[in-house]
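Asker: One structure, as structure tokens, below. Some questions next.
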Amino acid sequence: MCILFILLLLVLQTNCDNFSSINLPDEHLPYYFTNFPQIATKCESDPDCPYKNFLHEKKCWGYEYNCPDSRRYSSPRCFGDHRGWVKTKADQLNTFYTQADFGFVKQQLREMKLLCEPLFADDSSLECSEHLRFCRGRNLMINFTDLRTREEPIRYKMDVLKEGQIGGYCDFKKDQLDEQADHISPLQSWGPEMRYFTRLTRRPIIEGDCDVVIEKPTFIMKIDATVNMYHHFCDFFNLYASLHLNMTQFDAFSTDVHILVWESYTYRSAFQDAWEAFTDHPIWDLKTFRGDTVCFKNVVFPLLPRMIFGLYYNTPIIYGCEGSGLFHAFSEHILHRLKIPFHPRTNKKVRITLLSRDTKYRKILNENELIETLAENDEYEVQKVVYNREMGFKKQLEITRNSDVLIGIHGAGLTHLMFLPDWAAVFELYNCEDSSCYLDLARLRGVKYVTWEKRNRLTSVE
């Protein structure tokens with residue numbers, strides 16, 4: 001442990017010469033500089049540093065061990081009844097914070113265990129949270145040579161690796177890792193891969209055992225359905241939460257990193273612009289290294305989209321609470337990194353956006369009548385949009401970011417509610433008997449949610 005601490009300290013003392021690489025929303029900068037006071041000191045003394053106005057407001061995200069409630073990014077709002085989950089209002093607040101806010105990150109940090117301990121500087125290391133939901137390592141080897149002869153495409157597979165095809169040179173605590181490999185499912189944990197971790201007999205990079213050595217930090221991701229915004233943004237959200245889990249050095253939010261998707265399909269998605277918030281480089285897949293033994297100097301295995309009690313697909317949210325700071329920060333991070341403009345209003349009209357579907361099912365049959373009726377009100381500014389491949393994703397986000405009310409029927413497009421302004425509301429005209437999906441997502445994001453309640457005024461047509 002002492003050697004690992006020394007290595008970490010050396011990393012933290014590295015100079016940050018390019019302040020522009022920080023690239024965070026203004027609101028987030030005080031939290032960054034509080035976590036890295038050495039960078040704040042350097043900025044203070046550098047006449048060219050553009051962030052001097054953000055150096056002295058001491059704030060913390062909420063997962064730091066010395067972070068008082070009064071200084072953390074946000075506190076949830078719990079105005080409603082907890083329905084018997086807990087006994088007190090304080091317990092209700094703490095439960096929501098741990099389930100769905102930066103308290104979730106704090107919990108993962110508390111669970112981290114060093115499973116592959118280095119004894120010298122060039123040794124390997126591996127540490128993971130419980131159930132192997134998040135892992136990070138240094139100087140690790142992954143052997144992809146078997147992929148050369150594998151013919152079937154790889155997606156949601158748990159047999160990509162076998163014994164000895166992932167490992168490092170370290171003091172390996174195999175029994176502890178085996179105890180944590182209990183969530184064996186493709187998108188629930190890294191157990192399907194880490195169960196094959198092996199202590200190598202020599203340092204793979206130093207001894208030249210790697211066909212390829214990846215110098216830049218690399219995030220290896222197992223991703224959900226890329227055709228569906230609700231599911232794919234589970235990937236992006238958990239990657240953002242993992243940046244916080246991995247925030248041990250000043251370049252934690254750097255985009256000079258690689259992303260390796262754990263499947264052999266070439267990545268394509270209508271939402272692929274979102275990767276620009278995380279990396280400057282093309283997305284890799286398993287074909288990139290087919291047949292190679294690859295060593296990663298710095299590798300992260302992020303939180304996954306379908307973890308048990310995970311974020312946000314399986315989040316068991318306590319009743320009566322809303323407003324996760326983690327979800328708010330994610331929204332701000334994406335909008336900032338993708339340079340989505342906000343247009344200040346020029347009048348007092350409420351900007352209403354009706355999300356129309358161009359699919360066969362779940363369509364609002366009388367939506368034109370609805371639009372015409374809304375437009376008769378002089379206090380409303382109404383537009384109908386179709387979010388599909390014909391409209392770029394960044395343009396979609398621009399429309400959403402500048403809407404006060406988003407209206408739509410149940411469907412993945414309502415995931416856009418995460419990028420509404422703080423004061424906005426989402427009106428799910430009909431929830432298609434999936435009552436909690438977008439209600440919970442709206443609660444997490446902290447925007448108002450309304451759905452259709454007069455079932456006698458609703459007509460369903462086959």
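Residue numbering restarts at 1 for every chain of the structure tokens, chains are lettered A, B, ... in their displayed order, and ligands are numbered from 1 as they appear.
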Could you pull out the residues in range 48-140 of chain A that DSSP calls helix (DSSP H, G or I) from the backbone, as a PyMOL selection string?
Answerer: chain A and resi 52-54+69-71+89-100+102-111+130-132
Asker: Using only C-alpha atoms, which protein or nucleic acid residues come within 6 Å of range 260-277 of chain A? Drop anything in the same chain fewer than 6 positions from it, and give the result as a VMD selection string.
Answerer: chain A and resid 153 to 155 220 to 222 226 284 to 287 334 337
Asker: Identify all residues of range 344-389 of chain A in strand (DSSP E) (DSSP on the backbone) and supply them as a list in words.
Answerer: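 Put together, the selection reads Val350, Arg351, Ile352, Thr353, Leu354, Leu355, Ser356, Tyr380, Glu381, Val382, Gln383, Lys384, Val385 and Val386 of chain A.
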Asker: Please, could you write that set of residues out with all heavy atoms as a compact mmCIF listing (two decimals), in the first residue's frame?
Answerer:
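Writing done, so here's selection-v9.txt:
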# COMPACT_ATOMS: atom_id res chain seq x y z
N VAL A 350 -43.98 30.94 -22.70
CA VAL A 350 -43.52 29.61 -22.31
C VAL A 350 -43.19 28.82 -23.57
O VAL A 350 -44.02 28.68 -24.47
CB VAL A 350 -44.60 28.87 -21.50
CG1 VAL A 350 -44.14 27.46 -21.14
CG2 VAL A 350 -44.95 29.66 -20.23
N ARG A 351 -41.96 28.32 -23.64
CA ARG A 351 -41.51 27.60 -24.83
C ARG A 351 -41.88 26.13 -24.70
O ARG A 351 -41.30 25.40 -23.88
CB ARG A 351 -40.01 27.79 -25.02
CG ARG A 351 -39.63 29.24 -25.26
CD ARG A 351 -38.13 29.46 -25.32
NE ARG A 351 -37.50 29.26 -24.01
CZ ARG A 351 -36.23 29.58 -23.75
NH1 ARG A 351 -35.47 30.13 -24.68
NH2 ARG A 351 -35.73 29.38 -22.55
N ILE A 352 -42.84 25.68 -25.50
CA ILE A 352 -43.36 24.32 -25.44
C ILE A 352 -42.88 23.54 -26.66
O ILE A 352 -43.03 23.99 -27.79
CB ILE A 352 -44.90 24.31 -25.39
CG1 ILE A 352 -45.39 25.05 -24.13
CG2 ILE A 352 -45.44 22.89 -25.42
CD1 ILE A 352 -46.90 25.19 -24.06
N THR A 353 -42.30 22.38 -26.41
CA THR A 353 -41.85 21.50 -27.49
C THR A 353 -42.61 20.19 -27.41
O THR A 353 -42.57 19.51 -26.37
CB THR A 353 -40.34 21.23 -27.39
OG1 THR A 353 -39.63 22.46 -27.51
CG2 THR A 353 -39.89 20.28 -28.48
N LEU A 354 -43.33 19.85 -28.47
CA LEU A 354 -44.03 18.58 -28.54
C LEU A 354 -43.20 17.61 -29.35
O LEU A 354 -42.86 17.88 -30.51
CB LEU A 354 -45.41 18.72 -29.16
CG LEU A 354 -46.27 17.44 -29.10
CD1 LEU A 354 -47.73 17.76 -28.80
CD2 LEU A 354 -46.17 16.65 -30.41
N LEU A 355 -42.84 16.50 -28.73
CA LEU A 355 -42.01 15.50 -29.37
C LEU A 355 -42.90 14.50 -30.10
O LEU A 355 -43.63 13.71 -29.48
CB LEU A 355 -41.16 14.79 -28.31
CG LEU A 355 -40.16 13.74 -28.78
CD1 LEU A 355 -39.20 14.32 -29.79
CD2 LEU A 355 -39.39 13.17 -27.59
N SER A 356 -42.86 14.57 -31.42
CA SER A 356 -43.68 13.69 -32.25
C SER A 356 -42.87 12.46 -32.64
O SER A 356 -41.66 12.54 -32.88
CB SER A 356 -44.13 14.45 -33.51
OG SER A 356 -44.90 13.62 -34.35
N TYR A 380 -47.97 31.12 -25.04
CA TYR A 380 -47.18 29.94 -25.40
C TYR A 380 -46.46 30.16 -26.73
O TYR A 380 -46.99 30.80 -27.64
CB TYR A 380 -48.06 28.70 -25.54
CG TYR A 380 -48.78 28.28 -24.27
CD1 TYR A 380 -49.91 27.47 -24.35
CD2 TYR A 380 -48.33 28.66 -23.03
CE1 TYR A 380 -50.58 27.06 -23.21
CE2 TYR A 380 -48.99 28.28 -21.88
CZ TYR A 380 -50.11 27.48 -21.97
OH TYR A 380 -50.77 27.09 -20.85
N GLU A 381 -45.26 29.61 -26.82
CA GLU A 381 -44.53 29.52 -28.09
C GLU A 381 -44.34 28.03 -28.35
O GLU A 381 -43.60 27.36 -27.64
CB GLU A 381 -43.19 30.23 -27.95
CG GLU A 381 -42.38 30.31 -29.21
CD GLU A 381 -41.09 31.09 -28.99
OE1 GLU A 381 -41.17 32.32 -28.81
OE2 GLU A 381 -40.01 30.46 -28.98
N VAL A 382 -45.03 27.51 -29.37
CA VAL A 382 -45.17 26.06 -29.54
C VAL A 382 -44.45 25.59 -30.80
O VAL A 382 -44.50 26.25 -31.84
CB VAL A 382 -46.67 25.67 -29.62
CG1 VAL A 382 -46.81 24.15 -29.66
CG2 VAL A 382 -47.44 26.26 -28.45
N GLN A 383 -43.77 24.45 -30.68
CA GLN A 383 -43.18 23.82 -31.86
C GLN A 383 -43.32 22.30 -31.75
O GLN A 383 -43.32 21.73 -30.66
CB GLN A 383 -41.70 24.19 -32.00
CG GLN A 383 -40.82 23.71 -30.86
CD GLN A 383 -39.35 24.04 -31.07
OE1 GLN A 383 -38.87 24.08 -32.21
NE2 GLN A 383 -38.61 24.28 -29.99
N LYS A 384 -43.49 21.67 -32.90
CA LYS A 384 -43.52 20.21 -32.98
C LYS A 384 -42.23 19.74 -33.63
O LYS A 384 -41.83 20.28 -34.66
CB LYS A 384 -44.72 19.72 -33.79
CG LYS A 384 -44.83 18.20 -33.85
CD LYS A 384 -46.09 17.75 -34.58
CE LYS A 384 -45.85 17.70 -36.08
NZ LYS A 384 -46.99 17.03 -36.78
N VAL A 385 -41.57 18.76 -33.03
CA VAL A 385 -40.31 18.26 -33.56
C VAL A 385 -40.34 16.74 -33.64
O VAL A 385 -41.08 16.07 -32.90
CB VAL A 385 -39.11 18.70 -32.69
CG1 VAL A 385 -38.98 20.21 -32.66
CG2 VAL A 385 -39.21 18.13 -31.29
N VAL A 386 -39.55 16.21 -34.54
CA VAL A 386 -39.32 14.77 -34.64
C VAL A 386 -37.82 14.54 -34.42
O VAL A 386 -37.01 15.00 -35.23
CB VAL A 386 -39.76 14.21 -36.01
CG1 VAL A 386 -39.47 12.71 -36.07
CG2 VAL A 386 -41.24 14.48 -36.25
Asker: Between CA of Met247 in chain A and CA of Ala100 in chain A, what is the spacing in Å?
Answerer: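 That distance, rounded to one decimal, is 18.9 Å.
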Asker: So what do you get for CA of Tyr196 in chain A versus CA of Lys162 in chain A, distance-wise?
Answerer: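 Separation between CA of Tyr196 in chain A and CA of Lys162 in chain A: 5.8 Å.
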Asker: Ranking A:Leu429, A:Leu441, A:Leu370, A:Ile206 by minimum distance to Thr315 in chain A and counting only C-alpha atoms, which one comes first?
Answerer: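 Among A:Leu429, A:Leu441, A:Leu370, A:Ile206, it is A:Leu441 that comes nearest to Thr315 in chain A.
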Asker: Determine, counting only C-alpha atoms, which protein, DNA and RNA residues have an atom within 10 Å of an atom of range 417-428 of chain A; residues of the same chain fewer than 5 positions away are not included. Present the result as a PyMOL selection string.
Answerer: chain A and resi 233+323+327-328+330-332+334-335+342+350-354+397-411+435+438-439+441-452
Asker: Generate a file of the selected residues that holds N, CA and C atoms, formatted as a tab-separated table (two decimals), in the first residue's frame.
Answerer:
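Saved result, part04.tsv, follows:
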chain	number	residue	atom	x	y	z
A	233	PHE	N	-27.82	6.12	-22.91
A	233	PHE	CA	-27.37	7.14	-21.99
A	233	PHE	C	-27.11	6.60	-20.58
A	323	GLY	N	-34.14	15.51	-7.38
A	323	GLY	CA	-33.03	16.46	-7.54
A	323	GLY	C	-31.67	15.90	-7.19
A	327	PHE	N	-26.93	13.80	-11.36
A	327	PHE	CA	-27.62	13.90	-12.65
A	327	PHE	C	-27.57	15.32	-13.19
A	328	HIS	N	-27.68	16.30	-12.31
A	328	HIS	CA	-27.59	17.69	-12.75
A	328	HIS	C	-26.20	17.98	-13.31
A	330	PHE	N	-24.07	15.86	-14.58
A	330	PHE	CA	-23.93	15.14	-15.84
A	330	PHE	C	-24.55	15.94	-16.98
A	331	SER	N	-25.74	16.46	-16.76
A	331	SER	CA	-26.42	17.26	-17.78
A	331	SER	C	-25.58	18.47	-18.15
A	332	GLU	N	-25.08	19.18	-17.16
A	332	GLU	CA	-24.27	20.37	-17.43
A	332	GLU	C	-22.98	20.00	-18.15
A	334	ILE	N	-22.36	17.41	-20.20
A	334	ILE	CA	-22.63	17.06	-21.60
A	334	ILE	C	-22.92	18.31	-22.42
A	335	LEU	N	-23.79	19.17	-21.93
A	335	LEU	CA	-24.16	20.38	-22.68
A	335	LEU	C	-22.95	21.29	-22.90
A	342	PHE	N	-27.34	27.95	-25.24
A	342	PHE	CA	-28.55	28.34	-24.54
A	342	PHE	C	-28.98	29.71	-25.04
A	350	VAL	N	-43.98	30.94	-22.70
A	350	VAL	CA	-43.52	29.61	-22.31
A	350	VAL	C	-43.19	28.82	-23.57
A	351	ARG	N	-41.96	28.32	-23.64
A	351	ARG	CA	-41.51	27.60	-24.83
A	351	ARG	C	-41.88	26.13	-24.70
A	352	ILE	N	-42.84	25.68	-25.50
A	352	ILE	CA	-43.36	24.32	-25.44
A	352	ILE	C	-42.88	23.54	-26.66
A	353	THR	N	-42.30	22.38	-26.41
A	353	THR	CA	-41.85	21.50	-27.49
A	353	THR	C	-42.61	20.19	-27.41
A	354	LEU	N	-43.33	19.85	-28.47
A	354	LEU	CA	-44.03	18.58	-28.54
A	354	LEU	C	-43.20	17.61	-29.35
A	397	LEU	N	-30.43	18.39	-28.91
A	397	LEU	CA	-30.12	18.88	-27.57
A	397	LEU	C	-30.32	20.39	-27.47
A	398	GLU	N	-30.03	21.11	-28.53
A	398	GLU	CA	-30.23	22.56	-28.51
A	398	GLU	C	-31.72	22.89	-28.34
A	399	ILE	N	-32.58	22.17	-29.05
A	399	ILE	CA	-34.01	22.41	-28.91
A	399	ILE	C	-34.46	22.08	-27.49
A	400	THR	N	-34.01	20.94	-26.97
A	400	THR	CA	-34.40	20.54	-25.62
A	400	THR	C	-33.92	21.54	-24.59
A	401	ARG	N	-32.66	21.96	-24.69
A	401	ARG	CA	-32.10	22.87	-23.71
A	401	ARG	C	-32.85	24.20	-23.67
A	402	ASN	N	-33.50	24.55	-24.75
A	402	ASN	CA	-34.20	25.83	-24.83
A	402	ASN	C	-35.72	25.66	-24.80
A	403	SER	N	-36.17	24.59	-24.15
A	403	SER	CA	-37.60	24.33	-23.96
A	403	SER	C	-37.95	24.48	-22.48
A	404	ASP	N	-39.12	25.04	-22.22
A	404	ASP	CA	-39.63	25.12	-20.85
A	404	ASP	C	-40.51	23.92	-20.51
A	405	VAL	N	-41.19	23.40	-21.53
A	405	VAL	CA	-42.06	22.23	-21.35
A	405	VAL	C	-41.80	21.28	-22.51
A	406	LEU	N	-41.54	20.01	-22.18
A	406	LEU	CA	-41.37	18.97	-23.19
A	406	LEU	C	-42.55	18.01	-23.08
A	407	ILE	N	-43.28	17.85	-24.18
A	407	ILE	CA	-44.46	17.00	-24.21
A	407	ILE	C	-44.21	15.82	-25.14
A	408	GLY	N	-44.58	14.64	-24.71
A	408	GLY	CA	-44.45	13.47	-25.57
A	408	GLY	C	-45.10	12.26	-24.95
A	409	ILE	N	-45.32	11.25	-25.77
A	409	ILE	CA	-45.85	9.99	-25.27
A	409	ILE	C	-44.68	9.10	-24.86
A	410	HIS	N	-44.96	8.08	-24.08
A	410	HIS	CA	-43.93	7.20	-23.54
A	410	HIS	C	-43.00	6.69	-24.64
A	411	GLY	N	-41.71	6.88	-24.45
A	411	GLY	CA	-40.72	6.44	-25.42
A	411	GLY	C	-39.35	6.99	-25.08
A	435	SER	N	-45.41	3.25	-15.39
A	435	SER	CA	-45.65	4.50	-14.66
A	435	SER	C	-44.41	5.11	-14.04
A	438	TYR	N	-40.16	7.26	-16.65
A	438	TYR	CA	-39.77	8.66	-16.85
A	438	TYR	C	-40.15	9.54	-15.67
A	439	LEU	N	-41.06	9.07	-14.85
A	439	LEU	CA	-41.29	9.75	-13.57
A	439	LEU	C	-40.02	9.72	-12.74
A	441	LEU	N	-36.93	9.16	-13.80
A	441	LEU	CA	-35.84	9.90	-14.44
A	441	LEU	C	-36.00	11.40	-14.23
A	442	ALA	N	-37.24	11.88	-14.29
A	442	ALA	CA	-37.49	13.30	-14.02
A	442	ALA	C	-37.16	13.64	-12.57
A	443	ARG	N	-37.50	12.75	-11.65
A	443	ARG	CA	-37.16	12.97	-10.24
A	443	ARG	C	-35.64	13.05	-10.06
A	444	LEU	N	-34.93	12.15	-10.73
A	444	LEU	CA	-33.48	12.16	-10.62
A	444	LEU	C	-32.90	13.46	-11.16
A	445	ARG	N	-33.39	13.89	-12.29
A	445	ARG	CA	-32.89	15.13	-12.88
A	445	ARG	C	-33.38	16.36	-12.14
A	446	GLY	N	-34.52	16.26	-11.46
A	446	GLY	CA	-35.01	17.39	-10.69
A	446	GLY	C	-35.92	18.32	-11.46
A	447	VAL	N	-36.58	17.82	-12.53
A	447	VAL	CA	-37.54	18.63	-13.27
A	447	VAL	C	-38.95	18.13	-12.95
A	448	LYS	N	-39.93	18.99	-13.17
A	448	LYS	CA	-41.32	18.66	-12.89
A	448	LYS	C	-41.82	17.60	-13.85
A	449	TYR	N	-42.60	16.65	-13.33
A	449	TYR	CA	-43.16	15.58	-14.16
A	449	TYR	C	-44.67	15.57	-14.04
A	450	VAL	N	-45.34	15.47	-15.19
A	450	VAL	CA	-46.80	15.37	-15.23
A	450	VAL	C	-47.15	14.28	-16.22
A	451	THR	N	-48.21	13.51	-15.92
A	451	THR	CA	-48.70	12.53	-16.89
A	451	THR	C	-50.22	12.59	-16.94
A	452	TRP	N	-50.79	11.94	-17.93
A	452	TRP	CA	-52.24	11.97	-18.14
A	452	TRP	C	-52.92	11.15	-17.05
Asker: Restricting the calculation to only C-alpha atoms: of A:Phe79, A:Phe289, A:Phe237, A:Tyr97, which residue gets closest to Ile223 in chain A?
Answerer: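 Smallest distance to Ile223 in chain A is found for A:Phe237.
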Asker: Could you check the closest approach to Leu326 in chain A for each of A:Ser242, A:Asn18, A:Gln38, A:Thr88 and tell me which residue wins, using only C-alpha atoms?
Answerer: A:Ser242
Asker: Which residue gives the smallest distance to Asn298 in chain A among A:Leu365, A:Leu239, A:Leu140, A:Ala329, with only C-alpha atoms counted?
Answerer: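 Looking only at the distances to Asn298 in chain A, the closest residue turns out to be A:Leu140.
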Asker: Between CA of Phe96 in chain A and CA of Ser75 in chain A, what is the distance in Å, rounded to a tenth?
Answerer: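 That distance, rounded to one decimal, is 9.7 Å.
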Asker: Which residues come within 12 Å of Asp178 in chain A, counting only C-alpha atoms, excluding same-chain residues fewer than 6 positions away, as a list in words?
Answerer: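 The neighbour list is Leu115, Cys128, Glu130, His131, Leu132, Phe172, Ile184, Trp190, Gly191, Pro192, Glu193, Met194, Arg195, Tyr196, Phe197 and Thr198 of chain A.
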Asker: Would you write out those residues with C-alpha atoms, as an mmCIF file, in the first residue's frame?
Answerer:
data_model
loop_
_atom_site.group_PDB
_atom_site.id
_atom_site.type_symbol
_atom_site.label_atom_id
_atom_site.label_comp_id
_atom_site.auth_asym_id
_atom_site.auth_seq_id
_atom_site.Cartn_x
_atom_site.Cartn_y
_atom_site.Cartn_z
ATOM 1 C CA LEU A 115 -6.764 -6.826 -5.314
ATOM 2 C CA CYS A 128 -12.236 -2.689 -7.586
ATOM 3 C CA GLU A 130 -17.644 -4.501 -4.355
ATOM 4 C CA HIS A 131 -19.115 -7.003 -6.808
ATOM 5 C CA LEU A 132 -16.494 -5.767 -9.317
ATOM 6 C CA PHE A 172 -2.571 -10.900 -6.286
ATOM 7 C CA ILE A 184 -21.944 -12.751 -13.223
ATOM 8 C CA TRP A 190 -16.763 -6.961 -14.523
ATOM 9 C CA GLY A 191 -16.968 -10.373 -12.867
ATOM 10 C CA PRO A 192 -17.221 -12.257 -16.188
ATOM 11 C CA GLU A 193 -13.810 -10.870 -17.132
ATOM 12 C CA MET A 194 -12.016 -10.388 -13.808
ATOM 13 C CA ARG A 195 -12.683 -13.970 -12.639
ATOM 14 C CA TYR A 196 -9.909 -14.981 -15.053
ATOM 15 C CA PHE A 197 -7.361 -12.515 -13.644
ATOM 16 C CA THR A 198 -3.952 -14.148 -13.113
#
Asker: In terms of the shortest atom-to-atom distance over only C-alpha atoms, which of A:Lys42, A:Lys394, A:Thr459, A:Ile308 is closest to Lys339 in chain A?
Answerer: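 Between A:Lys42, A:Lys394, A:Thr459, A:Ile308, the residue approaching Lys339 in chain A most closely is A:Lys394.
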